[in-house]
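Student: The structure follows.
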Amino acid sequence: MFTGIVEELGEIVSKDQLADAARFVIRGPLVTTDAGHGDSIAVNGVCLTVVDVLPDGAFSADVMAETLNRSSLAGVEVGGRVNLERAAAINSRLGGHIVQGHVDGTGSVLSRTPSEHWEVVRIALPPQLARYVVEKGSITVDGVSLTVSGLGRDEQGDWFEISLIPTTLQLTTLGRAPVGTTVNLEVDVIAKYVERLLAPTQ
């Protein structure tokens, strides 16, 4: 489990395409300080398992085809920056919200509107996820726990907005994501459980 509070910006060192998967080597000096084989690290919001901890603060992880098909990791290139977060410790504060690291779908950045102290980013919302997103609710975008500041629909489809403070702009990939960027989305798991519990039983 994660909280959506990004610890550092990592770098893709290598990406080897396998038959039905890919092996990534990712540099993250902070998140590897206490990492070991089998630990979980969220990479742009995708929970990956550490295969090996390597020199120079890097780690390797295998990404299966299912994950590549459902997330933006398939399009990440060597040298690209990624948001990194270690799994939450039981005795730590929950600074964001409950994040599983299981991507529900992807969206794309539609617009960016800067202001003096923050920036409003509008992101396309896949129709199958729209029912789980509410204004002032939580959503995870590329592993970052954020509050939905706006919600709507136009001729192009559903969208939501997030308001990014300077810290988020500086310390995560969202500060550098231009219009058209594909981002990973994870909706609030509580909403999905509520829907399941209220569904008619067979």
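Letters A, B, ... go to the chains of the structure tokens in the order shown; residues in each chain start at 1; ligands are counted from 1 in the same order.
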Neighbouring residues of Asp188 in chain A were defined as those with any atom within 8 Å, considering only C-alpha atoms; residues of the same chain fewer than 5 positions away were excluded. Please report them as an MDAnalysis selection string.
Tutor: chainID A and resid 98:99 132:133 138:140
Student: Pull the helix (DSSP H, G or I) assignments for range 19-160 of chain A out of DSSP run on the backbone, and list those residues as an MDAnalysis selection string.
Tutor: chainID A and resid 55:57 65:70 72:75 130:132
Student: Between CA of Lys192 in chain A and CA of Val179 in chain A, what distance in Å does the model show, to one decimal?
Tutor: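 One can read the CA of Lys192 in chain A to CA of Val179 in chain A distance as 28.9 Å.
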Student: Quick one: everything within 9 Å of range 24-38 of chain A, counting only C-alpha atoms, minus sequence neighbours fewer than 3 positions away in the same chain. Send it as a compact mmCIF listing (two decimals) with C-alpha atoms, in the first residue's frame.
Tutor:
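Full text of around.txt as output:
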# COMPACT_ATOMS: atom_id res chain seq x y z
CA GLU A 7 9.51 10.67 -2.35
CA GLU A 8 11.77 11.42 -5.29
CA LEU A 9 12.05 11.77 -9.04
CA GLY A 10 13.77 8.71 -10.44
CA GLU A 11 15.35 8.07 -13.83
CA ILE A 12 14.91 5.17 -16.23
CA VAL A 13 18.43 3.76 -16.70
CA SER A 14 17.53 0.91 -19.03
CA LYS A 15 14.52 -0.87 -20.45
CA ASP A 16 14.87 -4.35 -21.94
CA GLN A 17 11.93 -5.67 -23.91
CA ILE A 41 8.15 0.57 -5.02
CA THR A 49 8.51 -5.53 -7.12
CA VAL A 50 12.23 -5.01 -6.65
CA VAL A 51 14.21 -7.81 -8.30
CA ASP A 52 17.69 -6.54 -7.44
CA VAL A 53 19.15 -3.49 -5.74
CA LEU A 54 22.02 -2.30 -7.92
CA ASP A 56 24.55 3.81 -7.75
CA GLY A 57 21.12 3.79 -6.11
CA ALA A 58 19.32 1.82 -8.82
CA PHE A 59 16.97 -1.15 -8.77
CA SER A 60 15.58 -3.55 -11.36
CA ALA A 61 11.95 -4.57 -11.74
CA ASP A 62 10.02 -6.77 -14.15
CA VAL A 63 6.85 -5.38 -15.70
CA VAL A 82 9.39 8.87 -12.99
CA LEU A 84 8.93 7.01 -6.94
CA GLU A 85 7.44 6.05 -3.59
CA ARG A 86 8.28 3.22 -1.20
Student: So what do you get for CA of Ile190 in chain A versus CA of Gln100 in chain A, distance-wise?
Tutor: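 According to the coordinates, CA of Ile190 in chain A and CA of Gln100 in chain A are separated by 11.1 Å.
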Student: Write out as a ChimeraX atom specification each polymer residue whose atoms come within 8 Å of Ser149 in chain A, counting only C-alpha atoms; drop sequence neighbours fewer than 3 positions from it.
Tutor: /A:135-136,160-163
Student: As a ChimeraX atom specification, which residues of range 15-70 of chain A does DSSP assign to strand (DSSP E or B)?
Tutor: /A:15-17,21-27,40-43,46-54,58-64
Student: Skipping near chain neighbours, those fewer than 4 positions away, what residues fall within 12 Å of Asn69 in chain A using only C-alpha atoms, listed as a list in words?
Tutor: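 Those residues are Asp20, Ala21, Ala22, Val63, Met64, Ala65, Leu73, Ala74, Gly75, Val103, Asp104, Gly105, Thr106 and Asn184 of chain A.
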Student: Write out as a CSV table (one decimal) with all heavy atoms, in the first residue's frame the residues lying within 10 Å of Val6 in chain A, counting only C-alpha atoms and excluding same-chain residues fewer than 6 positions away.
Tutor:
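Below you can see out12.csv, which holds the result:
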chain,number,residue,atom,x,y,z
A,42,ALA,N,6.5,2.1,-5.9
A,42,ALA,CA,5.5,2.6,-6.9
A,42,ALA,C,6.3,3.5,-7.9
A,42,ALA,O,7.0,4.4,-7.5
A,42,ALA,CB,4.4,3.4,-6.2
A,43,VAL,N,6.1,3.2,-9.2
A,43,VAL,CA,6.8,3.9,-10.2
A,43,VAL,C,5.7,4.5,-11.1
A,43,VAL,O,4.9,3.8,-11.8
A,43,VAL,CB,7.7,3.0,-11.1
A,43,VAL,CG1,8.3,3.7,-12.2
A,43,VAL,CG2,8.7,2.3,-10.2
A,44,ASN,N,5.6,5.8,-11.0
A,44,ASN,CA,4.5,6.5,-11.7
A,44,ASN,C,3.1,5.9,-11.3
A,44,ASN,O,2.2,5.8,-12.1
A,44,ASN,CB,4.6,6.6,-13.2
A,44,ASN,CG,5.5,7.7,-13.7
A,44,ASN,OD1,6.0,8.5,-12.9
A,44,ASN,ND2,5.7,7.8,-15.0
A,45,GLY,N,3.0,5.5,-10.0
A,45,GLY,CA,1.8,5.0,-9.5
A,45,GLY,C,1.6,3.5,-9.8
A,45,GLY,O,0.5,3.0,-9.4
A,82,VAL,N,10.6,9.5,-13.5
A,82,VAL,CA,9.4,8.9,-13.0
A,82,VAL,C,9.2,9.2,-11.5
A,82,VAL,O,10.2,9.5,-10.8
A,82,VAL,CB,9.5,7.3,-13.2
A,82,VAL,CG1,9.3,6.9,-14.6
A,82,VAL,CG2,10.8,6.8,-12.6
A,83,ASN,N,8.0,9.2,-11.0
A,83,ASN,CA,7.7,9.4,-9.6
A,83,ASN,C,7.9,8.1,-8.9
A,83,ASN,O,7.4,7.1,-9.3
A,83,ASN,CB,6.3,9.9,-9.4
A,83,ASN,CG,6.0,11.2,-10.1
A,83,ASN,OD1,6.8,12.1,-10.1
A,83,ASN,ND2,4.8,11.3,-10.7
A,84,LEU,N,8.6,8.2,-7.7
A,84,LEU,CA,8.9,7.0,-6.9
A,84,LEU,C,8.4,7.2,-5.5
A,84,LEU,O,8.6,8.2,-4.9
A,84,LEU,CB,10.4,6.8,-6.9
A,84,LEU,CG,11.1,6.5,-8.3
A,84,LEU,CD1,12.6,6.4,-8.1
A,84,LEU,CD2,10.6,5.3,-9.0
A,85,GLU,N,7.9,6.1,-5.0
A,85,GLU,CA,7.4,6.0,-3.6
A,85,GLU,C,7.6,4.6,-3.0
A,85,GLU,O,7.2,3.7,-3.7
A,85,GLU,CB,6.0,6.5,-3.5
A,85,GLU,CG,5.5,6.5,-2.0
A,85,GLU,CD,4.0,6.6,-1.8
A,85,GLU,OE1,3.3,6.8,-2.9
A,85,GLU,OE2,3.5,6.5,-0.7
A,86,ARG,N,8.2,4.5,-1.9
A,86,ARG,CA,8.3,3.2,-1.2
A,86,ARG,C,6.9,2.9,-0.6
A,86,ARG,O,6.1,3.8,-0.3
A,86,ARG,CB,9.3,3.2,-0.1
A,86,ARG,CG,10.8,3.3,-0.6
A,86,ARG,CD,11.8,3.6,0.5
A,86,ARG,NE,11.7,5.0,0.9
A,86,ARG,CZ,12.5,5.5,1.8
A,86,ARG,NH1,13.5,4.8,2.3
A,86,ARG,NH2,12.4,6.8,2.1
A,96,GLY,N,-1.3,11.1,2.2
A,96,GLY,CA,-2.2,11.3,1.1
A,96,GLY,C,-3.5,10.6,1.3
A,96,GLY,O,-4.3,11.0,2.1
A,142,ASP,N,-0.3,9.5,-11.9
A,142,ASP,CA,1.1,9.1,-11.9
A,142,ASP,C,1.7,8.9,-10.6
A,142,ASP,O,2.8,9.3,-10.3
A,142,ASP,CB,1.9,10.1,-12.7
A,142,ASP,CG,2.0,9.8,-14.2
A,142,ASP,OD1,1.5,8.7,-14.6
A,142,ASP,OD2,2.5,10.6,-15.0
A,143,GLY,N,0.9,8.3,-9.7
A,143,GLY,CA,1.4,8.0,-8.3
A,143,GLY,C,1.3,9.2,-7.3
A,143,GLY,O,1.7,9.0,-6.2
A,144,VAL,N,0.7,10.3,-7.7
A,144,VAL,CA,0.6,11.4,-6.9
A,144,VAL,C,-0.8,11.5,-6.3
A,144,VAL,O,-1.8,11.6,-7.1
A,144,VAL,CB,0.9,12.8,-7.6
A,144,VAL,CG1,0.9,13.9,-6.6
A,144,VAL,CG2,2.3,12.6,-8.3
A,145,SER,N,-1.0,11.5,-5.0
A,145,SER,CA,-2.3,11.7,-4.4
A,145,SER,C,-2.7,13.1,-4.5
A,145,SER,O,-2.1,14.1,-4.1
A,145,SER,CB,-2.2,11.3,-2.9
A,145,SER,OG,-3.4,11.6,-2.2
A,168,THR,N,4.4,20.3,-5.6
A,168,THR,CA,4.0,19.2,-6.5
A,168,THR,C,4.6,19.5,-7.9
A,168,THR,O,5.1,18.6,-8.6
A,168,THR,CB,2.5,19.1,-6.6
A,168,THR,OG1,2.0,18.9,-5.3
A,168,THR,CG2,2.1,17.8,-7.5
A,171,LEU,N,8.5,18.8,-7.6
A,171,LEU,CA,9.0,17.5,-7.1
A,171,LEU,C,8.4,16.3,-7.8
A,171,LEU,O,8.8,15.2,-7.4
A,171,LEU,CB,8.9,17.4,-5.6
A,171,LEU,CG,9.6,18.5,-4.8
A,171,LEU,CD1,9.4,18.3,-3.3
A,171,LEU,CD2,11.1,18.6,-5.1
A,172,THR,N,7.5,16.5,-8.7
A,172,THR,CA,7.0,15.4,-9.4
A,172,THR,C,7.0,15.6,-10.9
A,172,THR,O,7.2,16.7,-11.4
A,172,THR,CB,5.5,15.1,-9.0
A,172,THR,OG1,4.6,16.1,-9.6
A,172,THR,CG2,5.3,15.1,-7.5
A,173,THR,N,6.7,14.6,-11.7
A,173,THR,CA,6.7,14.7,-13.1
A,173,THR,C,5.5,15.5,-13.7
A,173,THR,O,5.6,16.0,-14.8
A,173,THR,CB,6.6,13.3,-13.8
A,173,THR,OG1,5.4,12.6,-13.3
A,173,THR,CG2,7.8,12.4,-13.5
Student: So which one's closest to Asp158 in chain A, A:Val46, A:Ala89, A:Ala124, A:Leu129? Using only C-alpha atoms, please.
Tutor: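 Using only C-alpha atoms, Asp158 in chain A sits closest to A:Ala124.
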Student: Find the residues around Val109 in chain A up to 8 Å (only C-alpha atoms counted), leave out those fewer than 6 positions away in its own chain, and share them as a list in words.
Tutor: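 The filter keeps Val121, Arg122, Ile123, Ala124, Ala177, Pro178, Val179, Gly180, Thr181, Thr182 and Val183 of chain A.
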